[in-house]
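Visitor: Sharing a structure below in structure tokens format, with a few things to ask.
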Amino acid sequence: MKARFRYRIYLNRPQRLMLAKTFGCARVVYNDAICLHQDLYQQGEKVNDTELQKRVITQAKSTIERGWLSEVGCDPLIQSLRDSCQALKNFFKSLKGERRGRKVGFPKFKKKHSTQSIRFTTNGFSVKPNSVYLAKIGCVRVKWSRELPSDPSSVTIIKDATNRYFASFVCEVDPVVLKAVNDGVGIDLGLTTFATLSTGEKVLSPKPLAKSLKRLRRAQKRFSRKSTPESKINEPISYTSYQPGLFARTKRWRKPCGAISFWKI
């Protein structure tokens, strides 16, 4: 079976600029494919994936409006095009009742300000001891927290809302068969303690939101003492950009109520 292994990566300034350009090109190819499918569907025409790739990528590179698509690697563009085709196939199968699970809506256009991601196949990347090579981007430093079980078949480069970069590798792993255990334990969830086991053991509540709010108050006090330029007095700054990733970890336990932001005074 296949499993994903995610690692933190660190890029220098030229690599970040090139990766941002690749994100934008992959996003444009995805949106152009959706638009072309809409136009052809209204006209009653059908095209296969090869013809769609020829129109959206190959022919678009020779035009003035989309000439900058040739500045990035072709592998992320092709994978983005395949994602759009798969999204449309899922929509039509769901519409006909041929797809299991919940109903799938029509694919939405990708936005610039959300989480960005691109995918490389074996032709566009290679794994090295302390880094990973990406086509037209270069060798990117990787923090290997654990070893890969096998050679990865693809890697997805992700940029989250706090400007952190990750590499998610898809590897083939052997399924682990666990031994059957007949021992059971009763769990009682409570308010003062998170859980009480039938063995008498008590599990205290971690309360991650209270800890995060405490750090938020300290950060706001430090920020209020800082002097700011006159040209940016009325500029709002979100807390996630000032202290990246603080509430992203807390959302695993409890969703914060409302957006937290403050203004320069």
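Going through the structure tokens in order, the chains are called A, B, and so on, while each chain numbers its residues from 1 and the ligands are numbered from 1 in the order shown.
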Identify all residues of region 40-264 of chain A in helix (DSSP H, G or I) (DSSP on the backbone) and supply them as a ChimeraX atom specification.
Guide: /A:40-43,49-61,67-71,74-96,208-224,230-232,239-242,246-250
Visitor: Could you give me, as JSON lines, every region 99-218 of chain A residue with an atom at most 9 Å from region 24-36 of chain A, plus its closest atom pair and distance in Å to one decimal, counting only C-alpha atoms, rows ordered by chain then number?
Guide:
{"residue": "A:Pro107", "atom": "CA", "partner": "A:Ile34", "partner_atom": "CA", "distance": 7.6}
{"residue": "A:Lys108", "atom": "CA", "partner": "A:Ile34", "partner_atom": "CA", "distance": 8.4}
{"residue": "A:Phe109", "atom": "CA", "partner": "A:Asn31", "partner_atom": "CA", "distance": 5.6}
{"residue": "A:Lys110", "atom": "CA", "partner": "A:Arg27", "partner_atom": "CA", "distance": 6.1}
{"residue": "A:Lys111", "atom": "CA", "partner": "A:Arg27", "partner_atom": "CA", "distance": 7.6}
{"residue": "A:Lys112", "atom": "CA", "partner": "A:Gly24", "partner_atom": "CA", "distance": 7.5}
{"residue": "A:Gln116", "atom": "CA", "partner": "A:Arg27", "partner_atom": "CA", "distance": 8.6}
{"residue": "A:Ser117", "atom": "CA", "partner": "A:Ala26", "partner_atom": "CA", "distance": 8.8}
{"residue": "A:Ile118", "atom": "CA", "partner": "A:Ala26", "partner_atom": "CA", "distance": 7.1}
Visitor: Name the residues in contact with region 94-106 of chain A at a cut-off of 12 Å, using only C-alpha atoms, excluding same-chain residues fewer than 6 positions from it; report them as number ranges by chain.
Guide: A: 34-35, 37-38, 84-88
Visitor: Using only N, CA and C atoms, please write the residues we just selected to a file, as a PDB file, in the first residue's frame.
Guide:
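For reference, selection.pdb as written:
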ATOM      1  N   ILE A  34     -10.284  24.216 -16.553  1.00  0.00           N
ATOM      2  CA  ILE A  34     -11.685  24.239 -16.121  1.00  0.00           C
ATOM      3  C   ILE A  34     -12.515  25.137 -17.045  1.00  0.00           C
ATOM      4  N   CYS A  35     -11.965  26.301 -17.399  1.00  0.00           N
ATOM      5  CA  CYS A  35     -12.684  27.212 -18.306  1.00  0.00           C
ATOM      6  C   CYS A  35     -12.898  26.579 -19.676  1.00  0.00           C
ATOM      7  N   HIS A  37     -13.059  23.400 -20.409  1.00  0.00           N
ATOM      8  CA  HIS A  37     -14.071  22.352 -20.277  1.00  0.00           C
ATOM      9  C   HIS A  37     -15.467  22.950 -20.252  1.00  0.00           C
ATOM     10  N   GLN A  38     -15.639  24.064 -19.577  1.00  0.00           N
ATOM     11  CA  GLN A  38     -16.953  24.711 -19.540  1.00  0.00           C
ATOM     12  C   GLN A  38     -17.386  25.166 -20.928  1.00  0.00           C
ATOM     13  N   SER A  84      -7.150  18.642 -12.679  1.00  0.00           N
ATOM     14  CA  SER A  84      -8.403  19.247 -13.146  1.00  0.00           C
ATOM     15  C   SER A  84      -9.264  18.233 -13.888  1.00  0.00           C
ATOM     16  N   CYS A  85      -8.629  17.380 -14.694  1.00  0.00           N
ATOM     17  CA  CYS A  85      -9.393  16.350 -15.415  1.00  0.00           C
ATOM     18  C   CYS A  85     -10.008  15.351 -14.441  1.00  0.00           C
ATOM     19  N   GLN A  86      -9.253  14.971 -13.408  1.00  0.00           N
ATOM     20  CA  GLN A  86      -9.784  14.029 -12.422  1.00  0.00           C
ATOM     21  C   GLN A  86     -10.928  14.646 -11.618  1.00  0.00           C
ATOM     22  N   ALA A  87     -10.811  15.942 -11.309  1.00  0.00           N
ATOM     23  CA  ALA A  87     -11.881  16.622 -10.585  1.00  0.00           C
ATOM     24  C   ALA A  87     -13.162  16.661 -11.411  1.00  0.00           C
ATOM     25  N   LEU A  88     -13.039  16.879 -12.712  1.00  0.00           N
ATOM     26  CA  LEU A  88     -14.223  16.890 -13.571  1.00  0.00           C
ATOM     27  C   LEU A  88     -14.821  15.497 -13.706  1.00  0.00           C
TER      28      LEU A  88
END
Visitor: Any idea what's packed within 8 Å of Gln79 (chain A), counting only C-alpha atoms, ignoring anything in its chain fewer than 2 positions away? Could you give it as a list in words?
Guide: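 Here the qualifying residues turn out to be Asp75, Pro76, Leu77, Leu81, Arg82, Asp83, Ile118, Arg119 and Phe120 of chain A.
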Visitor: Selection from above, all heavy atoms, as a PDB file, in the first residue's frame, can you write it?
Guide:
ATOM      1  N   ASP A  75       6.619  19.381 -15.662  1.00  0.00           N
ATOM      2  CA  ASP A  75       6.018  18.317 -14.844  1.00  0.00           C
ATOM      3  C   ASP A  75       4.921  18.840 -13.920  1.00  0.00           C
ATOM      4  O   ASP A  75       3.821  18.261 -13.875  1.00  0.00           O
ATOM      5  CB  ASP A  75       7.105  17.609 -14.043  1.00  0.00           C
ATOM      6  CG  ASP A  75       6.635  16.272 -13.501  1.00  0.00           C
ATOM      7  OD1 ASP A  75       5.669  15.723 -14.059  1.00  0.00           O
ATOM      8  OD2 ASP A  75       7.227  15.769 -12.538  1.00  0.00           O
ATOM      9  N   PRO A  76       5.122  19.934 -13.164  1.00  0.00           N
ATOM     10  CA  PRO A  76       4.010  20.441 -12.336  1.00  0.00           C
ATOM     11  C   PRO A  76       2.811  20.899 -13.154  1.00  0.00           C
ATOM     12  O   PRO A  76       1.664  20.771 -12.689  1.00  0.00           O
ATOM     13  CB  PRO A  76       4.648  21.610 -11.564  1.00  0.00           C
ATOM     14  CG  PRO A  76       6.105  21.348 -11.600  1.00  0.00           C
ATOM     15  CD  PRO A  76       6.361  20.686 -12.906  1.00  0.00           C
ATOM     16  N   LEU A  77       3.037  21.414 -14.355  1.00  0.00           N
ATOM     17  CA  LEU A  77       1.915  21.856 -15.185  1.00  0.00           C
ATOM     18  C   LEU A  77       1.076  20.671 -15.640  1.00  0.00           C
ATOM     19  O   LEU A  77      -0.163  20.721 -15.629  1.00  0.00           O
ATOM     20  CB  LEU A  77       2.443  22.631 -16.397  1.00  0.00           C
ATOM     21  CG  LEU A  77       3.350  23.837 -16.102  1.00  0.00           C
ATOM     22  CD1 LEU A  77       3.726  24.542 -17.398  1.00  0.00           C
ATOM     23  CD2 LEU A  77       2.668  24.800 -15.151  1.00  0.00           C
ATOM     24  N   LEU A  81      -2.828  19.816 -14.667  1.00  0.00           N
ATOM     25  CA  LEU A  81      -3.842  19.537 -15.684  1.00  0.00           C
ATOM     26  C   LEU A  81      -4.548  18.215 -15.399  1.00  0.00           C
ATOM     27  O   LEU A  81      -5.774  18.102 -15.549  1.00  0.00           O
ATOM     28  CB  LEU A  81      -3.184  19.517 -17.060  1.00  0.00           C
ATOM     29  CG  LEU A  81      -4.102  19.248 -18.253  1.00  0.00           C
ATOM     30  CD1 LEU A  81      -5.119  20.365 -18.409  1.00  0.00           C
ATOM     31  CD2 LEU A  81      -3.279  19.086 -19.522  1.00  0.00           C
ATOM     32  N   ARG A  82      -3.809  17.208 -14.971  1.00  0.00           N
ATOM     33  CA  ARG A  82      -4.424  15.916 -14.640  1.00  0.00           C
ATOM     34  C   ARG A  82      -5.348  16.036 -13.429  1.00  0.00           C
ATOM     35  O   ARG A  82      -6.376  15.357 -13.366  1.00  0.00           O
ATOM     36  CB  ARG A  82      -3.328  14.882 -14.375  1.00  0.00           C
ATOM     37  CG  ARG A  82      -2.542  14.482 -15.626  1.00  0.00           C
ATOM     38  CD  ARG A  82      -1.456  13.481 -15.306  1.00  0.00           C
ATOM     39  NE  ARG A  82      -0.734  13.085 -16.511  1.00  0.00           N
ATOM     40  CZ  ARG A  82       0.328  12.278 -16.515  1.00  0.00           C
ATOM     41  NH1 ARG A  82       0.772  11.774 -15.367  1.00  0.00           N
ATOM     42  NH2 ARG A  82       0.917  11.962 -17.657  1.00  0.00           N
ATOM     43  N   ASP A  83      -4.976  16.889 -12.487  1.00  0.00           N
ATOM     44  CA  ASP A  83      -5.846  17.099 -11.327  1.00  0.00           C
ATOM     45  C   ASP A  83      -7.181  17.699 -11.735  1.00  0.00           C
ATOM     46  O   ASP A  83      -8.240  17.328 -11.204  1.00  0.00           O
ATOM     47  CB  ASP A  83      -5.149  18.006 -10.308  1.00  0.00           C
ATOM     48  CG  ASP A  83      -3.972  17.321  -9.638  1.00  0.00           C
ATOM     49  OD1 ASP A  83      -3.899  16.085  -9.687  1.00  0.00           O
ATOM     50  OD2 ASP A  83      -3.123  18.039  -9.070  1.00  0.00           O
ATOM     51  N   ILE A 118       2.152  21.971  -5.519  1.00  0.00           N
ATOM     52  CA  ILE A 118       2.470  21.433  -6.836  1.00  0.00           C
ATOM     53  C   ILE A 118       3.027  20.028  -6.632  1.00  0.00           C
ATOM     54  O   ILE A 118       3.532  19.699  -5.557  1.00  0.00           O
ATOM     55  CB  ILE A 118       3.480  22.303  -7.608  1.00  0.00           C
ATOM     56  CG1 ILE A 118       4.741  22.533  -6.769  1.00  0.00           C
ATOM     57  CG2 ILE A 118       2.866  23.613  -8.046  1.00  0.00           C
ATOM     58  CD1 ILE A 118       5.837  23.267  -7.513  1.00  0.00           C
ATOM     59  N   ARG A 119       2.947  19.207  -7.674  1.00  0.00           N
ATOM     60  CA  ARG A 119       3.390  17.825  -7.569  1.00  0.00           C
ATOM     61  C   ARG A 119       4.415  17.513  -8.648  1.00  0.00           C
ATOM     62  O   ARG A 119       4.249  17.909  -9.801  1.00  0.00           O
ATOM     63  CB  ARG A 119       2.192  16.878  -7.675  1.00  0.00           C
ATOM     64  CG  ARG A 119       2.542  15.422  -7.410  1.00  0.00           C
ATOM     65  CD  ARG A 119       1.297  14.564  -7.272  1.00  0.00           C
ATOM     66  NE  ARG A 119       0.581  14.409  -8.523  1.00  0.00           N
ATOM     67  CZ  ARG A 119      -0.556  15.027  -8.811  1.00  0.00           C
ATOM     68  NH1 ARG A 119      -1.103  15.845  -7.923  1.00  0.00           N
ATOM     69  NH2 ARG A 119      -1.151  14.832  -9.962  1.00  0.00           N
ATOM     70  N   PHE A 120       5.474  16.811  -8.246  1.00  0.00           N
ATOM     71  CA  PHE A 120       6.507  16.347  -9.155  1.00  0.00           C
ATOM     72  C   PHE A 120       6.481  14.819  -9.194  1.00  0.00           C
ATOM     73  O   PHE A 120       6.322  14.174  -8.155  1.00  0.00           O
ATOM     74  CB  PHE A 120       7.899  16.803  -8.698  1.00  0.00           C
ATOM     75  CG  PHE A 120       8.136  18.286  -8.789  1.00  0.00           C
ATOM     76  CD1 PHE A 120       7.770  19.117  -7.744  1.00  0.00           C
ATOM     77  CD2 PHE A 120       8.717  18.849  -9.909  1.00  0.00           C
ATOM     78  CE1 PHE A 120       7.981  20.481  -7.810  1.00  0.00           C
ATOM     79  CE2 PHE A 120       8.934  20.208  -9.984  1.00  0.00           C
ATOM     80  CZ  PHE A 120       8.571  21.036  -8.934  1.00  0.00           C
TER      81      PHE A 120
END
Visitor: Which value, in Å to one decimal, gives the distance between CA of Val56 (chain A) and CA of Glu71 (chain A)?
Guide: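 The value is 15.3 Å.
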Visitor: Per residue of region 98-149 of chain A within 10 Å of region 3-12 of chain A, which atom pair is closest and at what distance in Å (one decimal), using only C-alpha atoms, listed by chain and increasing number, as a tab-separated table?
Guide:
residue	atom	partner	partner_atom	distance
A:Ser131	CA	A:Ile9	CA	8.5
A:Val132	CA	A:Ile9	CA	9.0
A:Ile137	CA	A:Leu11	CA	9.6
A:Gly138	CA	A:Leu11	CA	9.6
A:Cys139	CA	A:Leu11	CA	8.9
A:Val140	CA	A:Leu11	CA	5.9
A:Arg141	CA	A:Tyr10	CA	5.4
A:Val142	CA	A:Ile9	CA	4.5
A:Lys143	CA	A:Arg8	CA	5.6
A:Trp144	CA	A:Tyr7	CA	6.4
A:Ser145	CA	A:Tyr7	CA	6.9
A:Arg146	CA	A:Tyr7	CA	8.7
A:Glu147	CA	A:Phe5	CA	9.1
A:Leu148	CA	A:Phe5	CA	7.4
A:Pro149	CA	A:Phe5	CA	9.3
Visitor: Taking only region 132-168 of chain A into account, list the residues labelled strand (DSSP E) by DSSP (computed from the backbone), as number ranges by chain.
Guide: A: 132-134, 138-143, 154-159, 165-168
Visitor: Would you work out the distance separating CA of Ser212 (chain A) from CA of Arg164 (chain A), expressed in Å to one decimal?
Guide: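 Going from CA of Ser212 (chain A) over to CA of Arg164 (chain A), I get 19.3 Å.
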Visitor: I'd like the neighbourhood of Asn123 (chain A) as a list in words, where a residue qualifies if any of its atoms comes within 10 Å (using only C-alpha atoms), though same-chain residues fewer than 3 positions away should be ignored.
Guide: Asp75, Phe120, Ser126, Leu134, Ala135, Ser153 and Ser154 of chain A
Visitor: Given only C-alpha atoms as the basis, pick out the residue of A:Asn130, A:Thr156, A:Thr193, A:Ser198 nearest to Phe23 (chain A).
Guide: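 The closest residue to Phe23 (chain A) is A:Thr156.
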Visitor: Separation of CA of Phe169 (chain A) and CA of Pro14 (chain A), in Å?
Guide: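 Those two atoms sit 23.1 Å apart.
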